[in-house]
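A.B. asks: Here it is, the structure in full.
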Amino acid sequence: MKVKILTSFPKISMQFDNVYFSSDLHIDHQAVINFGRNFASLEWMNQYIINEINGKVGVNDLIVLLGDTMMQEKNYFDFLEKLNCKKVIMLYGNHCNIGKISQVHSEKLLYHGYYLELLIEGQIICCQHYPSFNWNYQDDGSWGLHGHLHSDENNIVKEIHKYKSLDVGIDNYYKMFGEYSLFSFEQIKELLKDKLIIERH
């Protein structure tokens, strides 16, 4: 699977077996359990998420995290070292420590920033932490992927999600499929195939 990072300079092109997307893991965040995430303890949640990533994302796969990966100490280097896959993209969310992410020296961290555009198998994908009414190349059928909402949908977001937009957060995966896991490229492709295309604005 050929993946090109359109927002990097120079553009980066790499081959991966698969690409996975997620957001709002909130590792080390007790409050996310208090607000309803279905885990008996913080330690259980942390280990479950790491095991789920390593069980699903292969060594030669890419995982794209759309923000709010960690809370508390926010040791991003140690988090990356626990993952079996060789390459990770991390976007900034409202709970991220941008300075700490920027200082991570790891060959696994392929790209980090507020915004990301990918080209995968001819499909343009626009990623950021927050949902958006408009994203680049939307009239050509590009996808607008986001997190932040923890599966919550008000009327505005419901309208956005009529189009090729998806909350790829771990809580939205749970809402849709009954388990805390990650969305694959092919899975998103299937979920969005019949969604509307926003005409040129």
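Labels for the structure tokens follow display order: chains A, B, ..., residues from 1 in each chain, ligands from 1.
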As number ranges by chain, which residues of stretch 20-134 of chain A does DSSP assign to helix (DSSP H, G or I)?
C.D. replies: A: 30-34, 42-56, 76-81, 98-102
A.B. asks: Just to be explicit: take each residue in the selection above, keep N, CA, C and O atoms, and write the result as a tab-separated table (two decimals), in the first residue's frame.
C.D. replies:
chain	number	residue	atom	x	y	z
A	30	GLN	N	-7.59	9.13	34.05
A	30	GLN	CA	-8.63	8.52	34.86
A	30	GLN	C	-10.01	9.09	34.55
A	30	GLN	O	-11.02	8.37	34.58
A	31	ALA	N	-10.06	10.36	34.22
A	31	ALA	CA	-11.35	11.01	34.01
A	31	ALA	C	-12.13	10.40	32.86
A	31	ALA	O	-13.36	10.35	32.88
A	32	VAL	N	-11.42	9.89	31.83
A	32	VAL	CA	-12.13	9.32	30.69
A	32	VAL	C	-12.87	8.04	31.09
A	32	VAL	O	-13.89	7.70	30.51
A	33	ILE	N	-12.36	7.35	32.12
A	33	ILE	CA	-13.06	6.20	32.68
A	33	ILE	C	-14.25	6.67	33.52
A	33	ILE	O	-15.35	6.13	33.42
A	34	ASN	N	-14.01	7.70	34.30
A	34	ASN	CA	-15.10	8.24	35.13
A	34	ASN	C	-16.27	8.72	34.29
A	34	ASN	O	-17.43	8.64	34.71
A	42	LEU	N	-7.45	2.24	35.50
A	42	LEU	CA	-6.61	2.96	34.55
A	42	LEU	C	-5.55	2.03	33.95
A	42	LEU	O	-5.29	2.06	32.74
A	43	GLU	N	-4.97	1.19	34.80
A	43	GLU	CA	-3.93	0.27	34.34
A	43	GLU	C	-4.49	-0.70	33.31
A	43	GLU	O	-3.83	-1.02	32.31
A	44	TRP	N	-5.69	-1.18	33.54
A	44	TRP	CA	-6.34	-2.11	32.61
A	44	TRP	C	-6.57	-1.42	31.26
A	44	TRP	O	-6.30	-1.99	30.20
A	45	MET	N	-7.09	-0.18	31.31
A	45	MET	CA	-7.34	0.54	30.07
A	45	MET	C	-6.04	0.76	29.29
A	45	MET	O	-5.98	0.51	28.08
A	46	ASN	N	-5.00	1.23	29.97
A	46	ASN	CA	-3.73	1.49	29.30
A	46	ASN	C	-3.20	0.25	28.60
A	46	ASN	O	-2.81	0.29	27.42
A	47	GLN	N	-3.19	-0.87	29.33
A	47	GLN	CA	-2.64	-2.10	28.76
A	47	GLN	C	-3.52	-2.64	27.65
A	47	GLN	O	-3.03	-3.16	26.64
A	48	TYR	N	-4.83	-2.49	27.81
A	48	TYR	CA	-5.76	-2.94	26.77
A	48	TYR	C	-5.50	-2.21	25.45
A	48	TYR	O	-5.45	-2.83	24.38
A	49	ILE	N	-5.34	-0.91	25.53
A	49	ILE	CA	-5.13	-0.11	24.32
A	49	ILE	C	-3.82	-0.49	23.63
A	49	ILE	O	-3.77	-0.68	22.41
A	50	ILE	N	-2.75	-0.63	24.41
A	50	ILE	CA	-1.46	-1.04	23.84
A	50	ILE	C	-1.58	-2.42	23.20
A	50	ILE	O	-1.12	-2.66	22.07
A	51	ASN	N	-2.23	-3.35	23.90
A	51	ASN	CA	-2.39	-4.70	23.36
A	51	ASN	C	-3.24	-4.70	22.09
A	51	ASN	O	-2.97	-5.46	21.15
A	52	GLU	N	-4.27	-3.85	22.06
A	52	GLU	CA	-5.14	-3.78	20.89
A	52	GLU	C	-4.38	-3.25	19.68
A	52	GLU	O	-4.53	-3.76	18.57
A	53	ILE	N	-3.57	-2.23	19.90
A	53	ILE	CA	-2.76	-1.69	18.81
A	53	ILE	C	-1.80	-2.76	18.30
A	53	ILE	O	-1.71	-3.02	17.09
A	54	ASN	N	-1.07	-3.39	19.21
A	54	ASN	CA	-0.07	-4.38	18.80
A	54	ASN	C	-0.70	-5.64	18.22
A	54	ASN	O	-0.07	-6.33	17.41
A	55	GLY	N	-1.93	-5.93	18.62
A	55	GLY	CA	-2.60	-7.09	18.08
A	55	GLY	C	-3.18	-6.86	16.69
A	55	GLY	O	-3.40	-7.80	15.93
A	56	LYS	N	-3.40	-5.60	16.36
A	56	LYS	CA	-4.04	-5.27	15.09
A	56	LYS	C	-3.07	-4.66	14.08
A	56	LYS	O	-3.16	-4.92	12.88
A	76	TYR	N	5.83	10.44	25.45
A	76	TYR	CA	5.52	9.95	24.12
A	76	TYR	C	6.56	8.96	23.61
A	76	TYR	O	6.22	8.04	22.87
A	77	PHE	N	7.81	9.14	24.01
A	77	PHE	CA	8.86	8.22	23.57
A	77	PHE	C	8.59	6.82	24.10
A	77	PHE	O	8.66	5.84	23.35
A	78	ASP	N	8.28	6.70	25.39
A	78	ASP	CA	8.00	5.38	25.97
A	78	ASP	C	6.77	4.76	25.32
A	78	ASP	O	6.72	3.55	25.10
A	79	PHE	N	5.76	5.58	25.02
A	79	PHE	CA	4.57	5.08	24.35
A	79	PHE	C	4.92	4.48	22.99
A	79	PHE	O	4.50	3.36	22.66
A	80	LEU	N	5.71	5.21	22.21
A	80	LEU	CA	6.11	4.72	20.89
A	80	LEU	C	6.92	3.43	20.99
A	80	LEU	O	6.77	2.52	20.16
A	81	GLU	N	7.76	3.33	22.01
A	81	GLU	CA	8.59	2.14	22.17
A	81	GLU	C	7.76	0.90	22.50
A	81	GLU	O	8.19	-0.23	22.24
A	98	ILE	N	2.61	19.71	22.93
A	98	ILE	CA	3.26	19.84	21.62
A	98	ILE	C	4.77	19.89	21.77
A	98	ILE	O	5.51	19.31	20.96
A	99	GLY	N	5.24	20.56	22.80
A	99	GLY	CA	6.69	20.65	23.02
A	99	GLY	C	7.31	19.28	23.22
A	99	GLY	O	8.37	18.98	22.66
A	100	LYS	N	6.65	18.44	24.01
A	100	LYS	CA	7.19	17.10	24.27
A	100	LYS	C	7.17	16.23	23.02
A	100	LYS	O	8.09	15.46	22.78
A	101	ILE	N	6.10	16.34	22.23
A	101	ILE	CA	6.05	15.57	20.98
A	101	ILE	C	7.17	16.03	20.05
A	101	ILE	O	7.84	15.22	19.41
A	102	SER	N	7.38	17.33	19.97
A	102	SER	CA	8.39	17.89	19.08
A	102	SER	C	9.80	17.45	19.46
A	102	SER	O	10.70	17.40	18.62
A.B. asks: Can you tell me, as a list in words, what residues are no more than 10 Å from A:Gln123 when counting only C-alpha atoms, ignoring any on the same chain fewer than 6 positions away?
C.D. replies: Val3, Asp140, Gly141, Ser142, Trp143, Phe185 and Lys189 of chain A
A.B. asks: For the residues in that selection, give me C-alpha atoms as a compact mmCIF listing (two decimals), in the first residue's frame.
C.D. replies:
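Ended up saving to again20.txt:
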# COMPACT_ATOMS: atom_id res chain seq x y z
CA VAL A 3 1.29 6.15 1.25
CA ASP A 140 -13.07 15.33 -5.47
CA GLY A 141 -14.26 12.90 -2.81
CA SER A 142 -11.52 13.35 -0.21
CA TRP A 143 -12.14 12.15 3.33
CA PHE A 185 -8.09 2.22 5.74
CA LYS A 189 -13.38 3.23 2.76
A.B. asks: Give me, as JSON, numbers by chain, the residues of stretch 54-150 of chain A that a backbone DSSP run labels strand (DSSP E).
C.D. replies: {"A": [62, 63, 64, 65, 87, 88, 89, 90, 91, 109, 110, 111, 112, 113, 115, 116, 117, 118, 119, 120, 123, 124, 125, 126, 127, 128, 143, 144, 145, 146]}
A.B. asks: Which residues come within 8 Å of stretch 58-72 of chain A, counting only C-alpha atoms, excluding same-chain residues fewer than 3 positions away, as a short mmCIF file (atom, residue, chain, number, x, y, z; two decimals) with all heavy atoms, in the first residue's frame?
C.D. replies:
data_model
loop_
_atom_site.label_atom_id
_atom_site.label_comp_id
_atom_site.auth_asym_id
_atom_site.auth_seq_id
_atom_site.Cartn_x
_atom_site.Cartn_y
_atom_site.Cartn_z
N PHE A 16 3.46 0.49 2.94
CA PHE A 16 3.01 -0.18 4.15
C PHE A 16 2.06 -1.30 3.77
O PHE A 16 1.41 -1.25 2.72
CB PHE A 16 2.29 0.81 5.08
CG PHE A 16 3.16 1.91 5.61
CD1 PHE A 16 3.17 3.16 5.00
CD2 PHE A 16 3.99 1.69 6.69
CE1 PHE A 16 3.98 4.18 5.49
CE2 PHE A 16 4.81 2.70 7.18
CZ PHE A 16 4.80 3.95 6.58
N ASP A 17 1.96 -2.29 4.64
CA ASP A 17 0.99 -3.36 4.41
C ASP A 17 -0.43 -2.84 4.62
O ASP A 17 -1.33 -3.13 3.84
CB ASP A 17 1.26 -4.53 5.35
CG ASP A 17 2.57 -5.25 5.02
OD1 ASP A 17 3.06 -5.09 3.89
OD2 ASP A 17 3.08 -5.96 5.91
N ASN A 18 -0.62 -2.08 5.70
CA ASN A 18 -1.93 -1.50 6.01
C ASN A 18 -1.75 -0.18 6.73
O ASN A 18 -0.67 0.13 7.25
CB ASN A 18 -2.75 -2.45 6.91
CG ASN A 18 -3.24 -3.68 6.18
OD1 ASN A 18 -4.06 -3.59 5.28
ND2 ASN A 18 -2.70 -4.84 6.56
N VAL A 19 -2.82 0.61 6.79
CA VAL A 19 -2.82 1.88 7.52
C VAL A 19 -4.03 1.88 8.45
O VAL A 19 -5.14 1.54 8.04
CB VAL A 19 -2.89 3.09 6.57
CG1 VAL A 19 -2.83 4.39 7.36
CG2 VAL A 19 -1.75 3.04 5.55
N TYR A 20 -3.79 2.28 9.69
CA TYR A 20 -4.84 2.34 10.71
C TYR A 20 -4.94 3.76 11.26
O TYR A 20 -3.94 4.48 11.33
CB TYR A 20 -4.55 1.36 11.84
CG TYR A 20 -4.66 -0.08 11.42
CD1 TYR A 20 -3.56 -0.76 10.88
CD2 TYR A 20 -5.86 -0.77 11.54
CE1 TYR A 20 -3.66 -2.08 10.47
CE2 TYR A 20 -5.96 -2.09 11.14
CZ TYR A 20 -4.87 -2.74 10.61
OH TYR A 20 -4.97 -4.04 10.20
N PHE A 21 -6.15 4.13 11.68
CA PHE A 21 -6.42 5.46 12.21
C PHE A 21 -7.11 5.35 13.56
O PHE A 21 -7.98 4.49 13.76
CB PHE A 21 -7.33 6.24 11.25
CG PHE A 21 -6.74 6.50 9.89
CD1 PHE A 21 -6.79 5.53 8.90
CD2 PHE A 21 -6.13 7.71 9.61
CE1 PHE A 21 -6.26 5.75 7.64
CE2 PHE A 21 -5.58 7.95 8.36
CZ PHE A 21 -5.65 6.96 7.37
N SER A 22 -6.75 6.26 14.47
CA SER A 22 -7.45 6.34 15.75
C SER A 22 -7.22 7.73 16.34
O SER A 22 -6.45 8.53 15.81
CB SER A 22 -6.99 5.25 16.72
OG SER A 22 -7.85 5.18 17.85
N SER A 23 -7.90 7.98 17.43
CA SER A 23 -7.77 9.27 18.11
C SER A 23 -8.25 9.12 19.55
O SER A 23 -8.97 8.18 19.89
CB SER A 23 -8.60 10.34 17.39
OG SER A 23 -8.40 11.62 17.97
N ASP A 24 -7.81 10.06 20.37
CA ASP A 24 -8.32 10.18 21.75
C ASP A 24 -8.15 8.90 22.56
O ASP A 24 -9.07 8.44 23.24
CB ASP A 24 -9.80 10.60 21.71
CG ASP A 24 -10.00 11.94 21.03
OD1 ASP A 24 -9.83 12.97 21.69
OD2 ASP A 24 -10.29 11.94 19.82
N LEU A 25 -6.95 8.34 22.50
CA LEU A 25 -6.67 7.17 23.34
C LEU A 25 -6.73 7.54 24.82
O LEU A 25 -7.14 6.74 25.65
CB LEU A 25 -5.29 6.60 23.01
CG LEU A 25 -5.03 6.21 21.54
CD1 LEU A 25 -3.65 5.60 21.40
CD2 LEU A 25 -6.11 5.27 21.01
N HIS A 26 -6.29 8.74 25.17
CA HIS A 26 -6.31 9.25 26.55
C HIS A 26 -5.65 8.28 27.52
O HIS A 26 -6.17 8.01 28.61
CB HIS A 26 -7.74 9.57 26.98
CG HIS A 26 -8.25 10.87 26.45
ND1 HIS A 26 -8.41 11.99 27.24
CD2 HIS A 26 -8.62 11.24 25.20
CE1 HIS A 26 -8.87 12.99 26.50
NE2 HIS A 26 -9.00 12.56 25.25
N ILE A 27 -4.50 7.74 27.12
CA ILE A 27 -3.74 6.89 28.03
C ILE A 27 -3.35 7.68 29.27
O ILE A 27 -2.97 8.84 29.20
CB ILE A 27 -2.51 6.32 27.28
CG1 ILE A 27 -2.98 5.29 26.25
CG2 ILE A 27 -1.50 5.72 28.25
CD1 ILE A 27 -1.89 4.78 25.36
N ASP A 28 -3.47 7.04 30.44
CA ASP A 28 -3.17 7.66 31.75
C ASP A 28 -4.17 8.74 32.14
O ASP A 28 -3.83 9.65 32.89
CB ASP A 28 -1.75 8.23 31.79
CG ASP A 28 -0.68 7.16 31.83
OD1 ASP A 28 -0.95 6.08 32.38
OD2 ASP A 28 0.42 7.39 31.29
N HIS A 29 -5.40 8.64 31.67
CA HIS A 29 -6.41 9.65 31.98
C HIS A 29 -7.58 9.00 32.72
O HIS A 29 -8.46 8.39 32.11
CB HIS A 29 -6.90 10.33 30.71
CG HIS A 29 -7.70 11.56 30.96
ND1 HIS A 29 -8.50 12.13 30.00
CD2 HIS A 29 -7.83 12.33 32.07
CE1 HIS A 29 -9.08 13.21 30.50
NE2 HIS A 29 -8.69 13.34 31.75
N ASN A 54 -1.07 -3.39 19.21
CA ASN A 54 -0.07 -4.38 18.80
C ASN A 54 -0.70 -5.64 18.22
O ASN A 54 -0.07 -6.33 17.41
CB ASN A 54 0.84 -4.73 19.98
CG ASN A 54 1.81 -3.61 20.30
OD1 ASN A 54 2.14 -2.79 19.45
ND2 ASN A 54 2.27 -3.56 21.54
N GLY A 55 -1.93 -5.93 18.62
CA GLY A 55 -2.60 -7.09 18.08
C GLY A 55 -3.18 -6.86 16.69
O GLY A 55 -3.40 -7.80 15.93
N ASN A 75 4.73 10.80 28.32
CA ASN A 75 6.03 10.31 27.85
C ASN A 75 5.81 9.64 26.50
O ASN A 75 5.60 8.44 26.40
CB ASN A 75 6.63 9.33 28.86
CG ASN A 75 8.08 9.00 28.54
OD1 ASN A 75 8.48 8.98 27.37
ND2 ASN A 75 8.87 8.75 29.57
N TYR A 76 5.83 10.44 25.45
CA TYR A 76 5.52 9.95 24.12
C TYR A 76 6.56 8.96 23.61
O TYR A 76 6.22 8.04 22.87
CB TYR A 76 5.38 11.12 23.14
CG TYR A 76 4.25 12.06 23.49
CD1 TYR A 76 4.49 13.28 24.12
CD2 TYR A 76 2.93 11.73 23.21
CE1 TYR A 76 3.46 14.14 24.44
CE2 TYR A 76 1.89 12.58 23.53
CZ TYR A 76 2.16 13.79 24.15
OH TYR A 76 1.13 14.63 24.48
N ASN A 84 4.62 -2.16 18.40
CA ASN A 84 5.40 -3.05 17.53
C ASN A 84 5.64 -2.47 16.14
O ASN A 84 6.63 -2.81 15.49
CB ASN A 84 4.69 -4.40 17.38
CG ASN A 84 4.66 -5.19 18.69
OD1 ASN A 84 5.51 -4.99 19.56
ND2 ASN A 84 3.69 -6.07 18.84
N CYS A 85 4.71 -1.63 15.67
CA CYS A 85 4.85 -1.08 14.32
C CYS A 85 6.04 -0.13 14.24
O CYS A 85 6.43 0.49 15.23
CB CYS A 85 3.56 -0.39 13.89
SG CYS A 85 3.04 0.97 14.95
N LYS A 86 6.58 -0.01 13.03
CA LYS A 86 7.80 0.76 12.84
C LYS A 86 7.55 2.25 12.65
O LYS A 86 8.44 3.07 12.87
CB LYS A 86 8.58 0.23 11.63
CG LYS A 86 9.11 -1.17 11.81
CD LYS A 86 9.82 -1.64 10.55
CE LYS A 86 10.33 -3.06 10.68
NZ LYS A 86 10.97 -3.54 9.42
N LYS A 87 6.33 2.62 12.21
CA LYS A 87 6.06 4.02 11.89
C LYS A 87 4.73 4.48 12.48
O LYS A 87 3.71 3.78 12.38
CB LYS A 87 6.05 4.24 10.37
CG LYS A 87 7.40 3.98 9.70
CD LYS A 87 8.48 4.94 10.20
CE LYS A 87 9.83 4.64 9.54
NZ LYS A 87 10.90 5.52 10.10
N VAL A 88 4.75 5.68 13.05
CA VAL A 88 3.57 6.28 13.67
C VAL A 88 3.51 7.75 13.28
O VAL A 88 4.54 8.43 13.21
CB VAL A 88 3.64 6.18 15.21
CG1 VAL A 88 2.42 6.81 15.86
CG2 VAL A 88 3.79 4.72 15.65
N ILE A 89 2.31 8.23 13.00
CA ILE A 89 2.06 9.66 12.80
C ILE A 89 1.23 10.14 13.98
O ILE A 89 0.25 9.49 14.37
CB ILE A 89 1.31 9.93 11.48
CG1 ILE A 89 2.25 9.70 10.29
CG2 ILE A 89 0.75 11.35 11.43
CD1 ILE A 89 1.59 9.80 8.93
N MET A 90 1.60 11.27 14.57
CA MET A 90 0.87 11.82 15.71
C MET A 90 0.47 13.26 15.41
O MET A 90 1.34 14.11 15.14
CB MET A 90 1.72 11.78 16.98
CG MET A 90 2.10 10.38 17.42
SD MET A 90 3.05 10.35 18.97
CE MET A 90 1.74 10.73 20.13
N LEU A 91 -0.81 13.53 15.46
CA LEU A 91 -1.31 14.90 15.33
C LEU A 91 -1.59 15.46 16.71
O LEU A 91 -1.77 14.73 17.68
CB LEU A 91 -2.57 14.93 14.47
CG LEU A 91 -2.41 14.46 13.03
CD1 LEU A 91 -3.69 14.71 12.24
CD2 LEU A 91 -1.22 15.14 12.34
N TYR A 92 -1.61 16.79 16.78
CA TYR A 92 -1.82 17.47 18.06
C TYR A 92 -3.31 17.61 18.35
O TYR A 92 -4.09 17.99 17.48
CB TYR A 92 -1.21 18.87 18.03
CG TYR A 92 0.23 18.95 17.61
CD1 TYR A 92 0.70 20.06 16.91
CD2 TYR A 92 1.13 17.93 17.89
CE1 TYR A 92 2.03 20.15 16.51
CE2 TYR A 92 2.46 18.01 17.50
CZ TYR A 92 2.91 19.12 16.81
OH TYR A 92 4.22 19.21 16.42
N GLY A 93 -3.69 17.29 19.58
CA GLY A 93 -5.04 17.54 20.07
C GLY A 93 -5.01 18.57 21.18
O GLY A 93 -3.94 19.06 21.57
N ASN A 94 -6.16 18.88 21.73
CA ASN A 94 -6.23 19.92 22.75
C ASN A 94 -5.58 19.50 24.07
O ASN A 94 -5.25 20.35 24.90
CB ASN A 94 -7.68 20.34 23.00
CG ASN A 94 -8.59 19.18 23.31
OD1 ASN A 94 -8.75 18.28 22.48
ND2 ASN A 94 -9.22 19.20 24.47
N HIS A 95 -5.37 18.20 24.29
CA HIS A 95 -4.71 17.73 25.51
C HIS A 95 -3.26 17.34 25.29
O HIS A 95 -2.62 16.81 26.20
CB HIS A 95 -5.48 16.53 26.09
CG HIS A 95 -6.81 16.88 26.66
ND1 HIS A 95 -6.97 17.67 27.78
CD2 HIS A 95 -8.06 16.55 26.25
CE1 HIS A 95 -8.26 17.80 28.05
NE2 HIS A 95 -8.94 17.13 27.14
N CYS A 96 -2.73 17.56 24.10
CA CYS A 96 -1.36 17.15 23.81
C CYS A 96 -0.34 18.18 24.32
O CYS A 96 -0.65 19.37 24.41
CB CYS A 96 -1.17 16.96 22.30
SG CYS A 96 -2.02 15.51 21.65
N CYS A 127 -6.71 14.98 7.65
CA CYS A 127 -6.81 14.59 9.06
C CYS A 127 -6.48 15.77 9.97
O CYS A 127 -5.50 16.48 9.75
CB CYS A 127 -5.85 13.46 9.38
SG CYS A 127 -5.99 11.99 8.34
N GLN A 128 -7.30 15.94 11.00
CA GLN A 128 -7.00 16.86 12.08
C GLN A 128 -7.78 16.42 13.31
O GLN A 128 -8.65 15.56 13.22
CB GLN A 128 -7.34 18.30 11.70
CG GLN A 128 -8.79 18.52 11.33
CD GLN A 128 -9.04 19.95 10.85
OE1 GLN A 128 -8.14 20.77 10.81
NE2 GLN A 128 -10.26 20.23 10.48
N HIS A 129 -7.46 17.00 14.45
CA HIS A 129 -8.11 16.56 15.69
C HIS A 129 -9.59 16.92 15.71
O HIS A 129 -10.43 16.13 16.15
CB HIS A 129 -7.40 17.16 16.90
CG HIS A 129 -7.93 16.69 18.21
ND1 HIS A 129 -7.88 15.37 18.61
CD2 HIS A 129 -8.56 17.36 19.23
CE1 HIS A 129 -8.43 15.25 19.80
NE2 HIS A 129 -8.85 16.44 20.20
N HIS A 146 -11.37 12.93 11.72
CA HIS A 146 -11.15 13.72 12.93
C HIS A 146 -11.35 12.86 14.17
O HIS A 146 -11.75 11.70 14.09
CB HIS A 146 -12.12 14.92 12.96
CG HIS A 146 -13.55 14.52 13.13
ND1 HIS A 146 -14.13 14.32 14.36
CD2 HIS A 146 -14.53 14.26 12.22
CE1 HIS A 146 -15.39 13.97 14.20
NE2 HIS A 146 -15.66 13.91 12.91
N GLY A 147 -11.08 13.46 15.31
CA GLY A 147 -11.35 12.84 16.61
C GLY A 147 -12.11 13.81 17.48
O GLY A 147 -13.08 14.42 17.06
N HIS A 148 -11.65 13.96 18.74
CA HIS A 148 -12.08 14.97 19.69
C HIS A 148 -13.46 14.75 20.32
O HIS A 148 -13.67 15.06 21.49
CB HIS A 148 -12.05 16.37 19.04
CG HIS A 148 -12.35 17.49 19.98
ND1 HIS A 148 -11.55 17.76 21.08
CD2 HIS A 148 -13.35 18.40 20.01
CE1 HIS A 148 -12.06 18.80 21.73
NE2 HIS A 148 -13.14 19.20 21.12
N GLY A 169 -12.09 8.30 16.45
CA GLY A 169 -11.70 8.11 17.84
C GLY A 169 -12.04 6.71 18.34
O GLY A 169 -12.98 6.05 17.86
#
A.B. asks: Go ahead and compute the interatomic distance for atom CA of A:Leu166 and atom CA of A:Asp139, in Å to one decimal.
C.D. replies: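 These two atoms are separated by 16.3 Å.
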A.B. asks: What lies within 9 Å of A:Ser8 using only C-alpha atoms, ignoring chain neighbours under 3 positions off, as an mmCIF file with all heavy atoms, in the first residue's frame?
C.D. replies:
data_model
loop_
_atom_site.group_PDB
_atom_site.id
_atom_site.type_symbol
_atom_site.label_atom_id
_atom_site.label_comp_id
_atom_site.auth_asym_id
_atom_site.auth_seq_id
_atom_site.Cartn_x
_atom_site.Cartn_y
_atom_site.Cartn_z
ATOM 1 N N ILE A 5 2.748 11.362 2.167
ATOM 2 C CA ILE A 5 2.381 12.450 3.080
ATOM 3 C C ILE A 5 2.479 13.755 2.305
ATOM 4 O O ILE A 5 3.579 14.242 2.005
ATOM 5 C CB ILE A 5 3.291 12.481 4.316
ATOM 6 C CG1 ILE A 5 3.233 11.138 5.057
ATOM 7 C CG2 ILE A 5 2.880 13.622 5.253
ATOM 8 C CD1 ILE A 5 4.128 11.075 6.269
ATOM 9 N N LYS A 11 7.781 15.928 0.234
ATOM 10 C CA LYS A 11 6.761 14.904 0.418
ATOM 11 C C LYS A 11 7.423 13.545 0.671
ATOM 12 O O LYS A 11 8.447 13.229 0.077
ATOM 13 C CB LYS A 11 5.831 14.834 -0.797
ATOM 14 C CG LYS A 11 4.976 16.074 -0.991
ATOM 15 C CD LYS A 11 4.090 15.948 -2.220
ATOM 16 C CE LYS A 11 3.131 17.122 -2.336
ATOM 17 N NZ LYS A 11 3.812 18.405 -2.481
ATOM 18 N N ILE A 12 6.816 12.791 1.594
ATOM 19 C CA ILE A 12 7.341 11.477 1.959
ATOM 20 C C ILE A 12 6.464 10.403 1.329
ATOM 21 O O ILE A 12 5.237 10.445 1.451
ATOM 22 C CB ILE A 12 7.356 11.304 3.493
ATOM 23 C CG1 ILE A 12 8.256 12.358 4.149
ATOM 24 C CG2 ILE A 12 7.810 9.898 3.872
ATOM 25 C CD1 ILE A 12 8.139 12.387 5.669
ATOM 26 N N TYR A 111 5.872 11.626 11.356
ATOM 27 C CA TYR A 111 5.371 12.987 11.102
ATOM 28 C C TYR A 111 4.556 13.405 12.313
ATOM 29 O O TYR A 111 3.872 12.583 12.942
ATOM 30 C CB TYR A 111 4.494 12.983 9.848
ATOM 31 C CG TYR A 111 3.809 14.301 9.529
ATOM 32 C CD1 TYR A 111 4.429 15.245 8.716
ATOM 33 C CD2 TYR A 111 2.533 14.586 10.023
ATOM 34 C CE1 TYR A 111 3.795 16.452 8.406
ATOM 35 C CE2 TYR A 111 1.898 15.781 9.720
ATOM 36 C CZ TYR A 111 2.527 16.704 8.919
ATOM 37 O OH TYR A 111 1.902 17.896 8.625
ATOM 38 N N LEU A 116 -2.805 17.035 8.639
ATOM 39 C CA LEU A 116 -2.155 16.028 7.813
ATOM 40 C C LEU A 116 -2.999 15.748 6.576
ATOM 41 O O LEU A 116 -4.225 15.611 6.665
ATOM 42 C CB LEU A 116 -2.009 14.734 8.623
ATOM 43 C CG LEU A 116 -1.544 13.478 7.882
ATOM 44 C CD1 LEU A 116 -0.060 13.584 7.534
ATOM 45 C CD2 LEU A 116 -1.814 12.238 8.726
ATOM 46 N N GLU A 117 -2.330 15.678 5.427
ATOM 47 C CA GLU A 117 -2.972 15.180 4.222
ATOM 48 C C GLU A 117 -2.181 13.980 3.716
ATOM 49 O O GLU A 117 -0.957 14.047 3.557
ATOM 50 C CB GLU A 117 -3.035 16.252 3.124
ATOM 51 C CG GLU A 117 -4.043 17.344 3.418
ATOM 52 C CD GLU A 117 -4.116 18.409 2.326
ATOM 53 O OE1 GLU A 117 -3.442 18.233 1.281
ATOM 54 O OE2 GLU A 117 -4.817 19.404 2.522
#
A.B. asks: Would you mind reading off the distance between atom CA of A:Lys162 and atom CA of A:Lys195, one decimal, in Å?
C.D. replies: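 So the answer is 6.0 Å.
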A.B. asks: I'd like the neighbourhood of A:Lys4 as a PyMOL selection string, where a residue qualifies if any of its atoms comes within 8 Å (using only C-alpha atoms), though same-chain residues fewer than 6 positions away should be ignored.
C.D. replies: chain A and resi 11-14+118-120
A.B. asks: Grab the residues selected above and save them as a PDB file, in the first residue's frame with N, CA and C atoms.
C.D. replies:
ATOM      1  N   LYS A  11       7.781  15.928   0.234  1.00  0.00           N
ATOM      2  CA  LYS A  11       6.761  14.904   0.418  1.00  0.00           C
ATOM      3  C   LYS A  11       7.423  13.545   0.671  1.00  0.00           C
ATOM      4  N   ILE A  12       6.816  12.791   1.594  1.00  0.00           N
ATOM      5  CA  ILE A  12       7.341  11.477   1.959  1.00  0.00           C
ATOM      6  C   ILE A  12       6.464  10.403   1.329  1.00  0.00           C
ATOM      7  N   SER A  13       7.069   9.440   0.640  1.00  0.00           N
ATOM      8  CA  SER A  13       6.349   8.296   0.081  1.00  0.00           C
ATOM      9  C   SER A  13       6.936   7.019   0.658  1.00  0.00           C
ATOM     10  N   MET A  14       6.052   6.140   1.164  1.00  0.00           N
ATOM     11  CA  MET A  14       6.500   4.877   1.752  1.00  0.00           C
ATOM     12  C   MET A  14       5.501   3.785   1.427  1.00  0.00           C
ATOM     13  N   LEU A 118      -2.902  12.888   3.473  1.00  0.00           N
ATOM     14  CA  LEU A 118      -2.308  11.671   2.967  1.00  0.00           C
ATOM     15  C   LEU A 118      -2.897  11.332   1.607  1.00  0.00           C
ATOM     16  N   LEU A 119      -2.126  10.635   0.810  1.00  0.00           N
ATOM     17  CA  LEU A 119      -2.619  10.027  -0.417  1.00  0.00           C
ATOM     18  C   LEU A 119      -2.352   8.530  -0.302  1.00  0.00           C
ATOM     19  N   ILE A 120      -3.421   7.750  -0.215  1.00  0.00           N
ATOM     20  CA  ILE A 120      -3.313   6.305  -0.058  1.00  0.00           C
ATOM     21  C   ILE A 120      -4.104   5.637  -1.181  1.00  0.00           C
TER      22      ILE A 120
END
A.B. asks: Which residue out of A:His150, A:Leu110, A:Glu73, A:Asn155 has the minimum interatomic distance to A:Met176 when only C-alpha atoms are used?
C.D. replies: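 Closest to A:Met176, using only C-alpha atoms: A:His150.
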A.B. asks: Just give me the gap between atom CA of A:Leu145 and atom CA of A:His105 in Å, one decimal is fine.
C.D. replies: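 Calculated distance between atom CA of A:Leu145 and atom CA of A:His105 is 26.7 Å.
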